[in-house]
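Okay, structure first, notes after.
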Amino acid sequence: MKKSIIIHGLIGGCISILGFFFMELHNGNSHNDISMMVGYASMLAAFSLIFVAIKNYRDKQNGGVISFGTAFKNGLLIALVTSTVYVVAWLIYFTYFSPDFIEKYAQATLSAMAKEGKSAVEIQKQAAEMKKFAEMYKNPLINAAVTYTEILPVGIIVSLLAALILKKKPNPETDERAAFLAERQ
């Protein structure tokens with residue numbers, strides 16, 4: 001299963017990167033609701049490989065059975081690999097191609113607040129918070145942590161759903177091999 005985790009995680013990471021780059025190339029730095037939907041849709045497409053990997057493992061390598069715990073653990077590992085690929089790609093993109101991302105994002109956010117009719121005091125307060133965040137975000141460790149919070153929770157949810165849907169206990173009356181394998185887990 002280790003090989004499957006790495007392969008599915010890397011493929012998932014590539015899918016998430018493609019969605020991210022499509023979003024960036026299509027929208028530039030205007031981060032609106034549509035670009036967020038495209039981003040999360042690509043994450044879901046990437047994490048759909050969790051279902052594929054767990055089902056293949058259950059059906060082809062584990063005699064048609066898998067416990068919730070094993071399925072969830074494998075899903076989480078795939079989600080971690082996928083998320084790590086996404087985070088590394090973002091750090092490279094941010095550092096070398098879009099170091100002004102936060103400034104542009106802040107400007108778009110403040111402009112949206114002004115269009116919504118927020119008061120000058122609210123806008124100034126938000127601007128001060130975003131300036132402080134921009135300074136913190138220059139630290140690659142904080143940048144990576146924030147980026148993980150974008151993608152990893154989606155992977156955790158998909159892993160949980162996959163484990164719940166794909167768990168399958170052996171039927172000892174009809175499948176001796178499945179019963180034997182289930183005892184090993």
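Residue numbering restarts at 1 for every chain of the structure tokens, chains are lettered A, B, ... in their displayed order, and ligands are numbered from 1 as they appear.
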
Worksheet item: Val38 in chain A: which residues within 10 Å, counting only C-alpha atoms, same-chain residues fewer than 5 positions away excluded, as a list of chain:residue names?
Response: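 Answer for this query is A:Gly19, A:Phe20, A:Phe22, A:Met23, A:Asp33, A:Met43, A:Leu44.
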
At a cut-off of 6 Å, can you tabulate as a Markdown table every residue of range 136-177 of chain A near range 48-65 of chain A together with its closest atom pair and the distance in Å to one decimal, using only C-alpha atoms and ordering rows by chain then number?
```
| residue | atom | partner | partner_atom | distance |
| --- | --- | --- | --- | --- |
| A:Ala162 | CA | A:Phe51 | CA | 5.6 |
| A:Lys168 | CA | A:Val65 | CA | 4.9 |
| A:Lys169 | CA | A:Val65 | CA | 5.5 |
| A:Pro170 | CA | A:Val65 | CA | 5.7 |
```

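The shortest atom-to-atom distance to Leu110 in chain A, with only C-alpha atoms taken into account, belongs to A:Ala128 out of A:Phe94, A:Ala128, A:Ser159, A:Ala89.
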
Item to complete: Take CA of Gly117 in chain A and CA of Glu103 in chain A and report the distance between them in Å, one decimal.
Response: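 Computing the Euclidean distance for CA of Gly117 in chain A and CA of Glu103 in chain A yields 21.3 Å.
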
Discussion item. Give me, as a VMD selection string, the residues of range 60-174 of chain A that a backbone DSSP run labels helix (DSSP H, G or I).
Written reply: chain A and resid 60 to 61 68 to 96 101 to 115 120 to 137 140 to 166

Fill in: Neighbour list for range 72-80 of chain A as an MDAnalysis selection string, cut-off 8 Å, only C-alpha atoms, skip fewer than 5 positions in-chain
chainID A and resid 1 5:6 8:9 47 50:51 54 152 155:156 158:160 162:163

Those same residues, written as a PDB file, in the first residue's frame with N, CA and C atoms?
```pdb
ATOM      1  N   MET A   1       0.824  -1.194   0.000  1.00  0.00           N
ATOM      2  CA  MET A   1       0.000   0.000   0.000  1.00  0.00           C
ATOM      3  C   MET A   1       0.865   1.252   0.000  1.00  0.00           C
ATOM      4  N   ILE A   5       0.033   4.663  -1.937  1.00  0.00           N
ATOM      5  CA  ILE A   5      -0.121   5.947  -1.248  1.00  0.00           C
ATOM      6  C   ILE A   5       0.707   7.016  -1.942  1.00  0.00           C
ATOM      7  N   ILE A   6       1.948   6.698  -2.230  1.00  0.00           N
ATOM      8  CA  ILE A   6       2.830   7.676  -2.866  1.00  0.00           C
ATOM      9  C   ILE A   6       2.343   8.015  -4.271  1.00  0.00           C
ATOM     10  N   HIS A   8      -0.716   7.615  -5.714  1.00  0.00           N
ATOM     11  CA  HIS A   8      -1.992   8.342  -5.714  1.00  0.00           C
ATOM     12  C   HIS A   8      -1.837   9.740  -5.116  1.00  0.00           C
ATOM     13  N   GLY A   9      -0.989   9.871  -4.116  1.00  0.00           N
ATOM     14  CA  GLY A   9      -0.736  11.185  -3.524  1.00  0.00           C
ATOM     15  C   GLY A   9      -0.056  12.131  -4.494  1.00  0.00           C
ATOM     16  N   PHE A  47      -8.460  14.625  -4.494  1.00  0.00           N
ATOM     17  CA  PHE A  47      -8.710  13.719  -3.373  1.00  0.00           C
ATOM     18  C   PHE A  47      -9.637  12.564  -3.740  1.00  0.00           C
ATOM     19  N   ILE A  50      -8.274   9.123  -3.412  1.00  0.00           N
ATOM     20  CA  ILE A  50      -8.304   8.400  -2.136  1.00  0.00           C
ATOM     21  C   ILE A  50      -9.284   7.236  -2.243  1.00  0.00           C
ATOM     22  N   PHE A  51     -10.460   7.497  -2.808  1.00  0.00           N
ATOM     23  CA  PHE A  51     -11.448   6.430  -3.004  1.00  0.00           C
ATOM     24  C   PHE A  51     -10.870   5.318  -3.874  1.00  0.00           C
ATOM     25  N   ILE A  54      -8.074   3.277  -1.973  1.00  0.00           N
ATOM     26  CA  ILE A  54      -8.600   2.422  -0.898  1.00  0.00           C
ATOM     27  C   ILE A  54      -9.394   1.260  -1.484  1.00  0.00           C
ATOM     28  N   LEU A 152      -5.541  20.579   3.354  1.00  0.00           N
ATOM     29  CA  LEU A 152      -5.552  19.357   4.162  1.00  0.00           C
ATOM     30  C   LEU A 152      -6.910  19.053   4.804  1.00  0.00           C
ATOM     31  N   GLY A 155      -8.895  17.055   2.440  1.00  0.00           N
ATOM     32  CA  GLY A 155      -8.397  15.683   2.355  1.00  0.00           C
ATOM     33  C   GLY A 155      -8.811  14.836   3.551  1.00  0.00           C
ATOM     34  N   ILE A 156      -8.852  15.439   4.722  1.00  0.00           N
ATOM     35  CA  ILE A 156      -9.285  14.711   5.918  1.00  0.00           C
ATOM     36  C   ILE A 156     -10.752  14.317   5.792  1.00  0.00           C
ATOM     37  N   VAL A 158     -12.501  13.950   2.996  1.00  0.00           N
ATOM     38  CA  VAL A 158     -12.636  12.920   1.954  1.00  0.00           C
ATOM     39  C   VAL A 158     -12.144  11.570   2.480  1.00  0.00           C
ATOM     40  N   SER A 159     -11.066  11.558   3.245  1.00  0.00           N
ATOM     41  CA  SER A 159     -10.558  10.304   3.826  1.00  0.00           C
ATOM     42  C   SER A 159     -11.581   9.677   4.759  1.00  0.00           C
ATOM     43  N   LEU A 160     -12.214  10.506   5.571  1.00  0.00           N
ATOM     44  CA  LEU A 160     -13.245  10.025   6.490  1.00  0.00           C
ATOM     45  C   LEU A 160     -14.422   9.425   5.723  1.00  0.00           C
ATOM     46  N   ALA A 162     -14.432   8.303   2.607  1.00  0.00           N
ATOM     47  CA  ALA A 162     -13.988   7.097   1.899  1.00  0.00           C
ATOM     48  C   ALA A 162     -13.925   5.908   2.845  1.00  0.00           C
ATOM     49  N   ALA A 163     -13.388   6.124   4.044  1.00  0.00           N
ATOM     50  CA  ALA A 163     -13.286   5.030   5.019  1.00  0.00           C
ATOM     51  C   ALA A 163     -14.667   4.538   5.438  1.00  0.00           C
TER      52      ALA A 163
END
```

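Here CA of Cys14 in chain A and CA of Tyr137 in chain A stand 24.0 Å from one another.
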
Fill in: Interatomic distance (Å, one decimal) between CA of Thr95 in chain A and CA of Asn143 in chain A
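Interatomic distance here is 10.3 Å.
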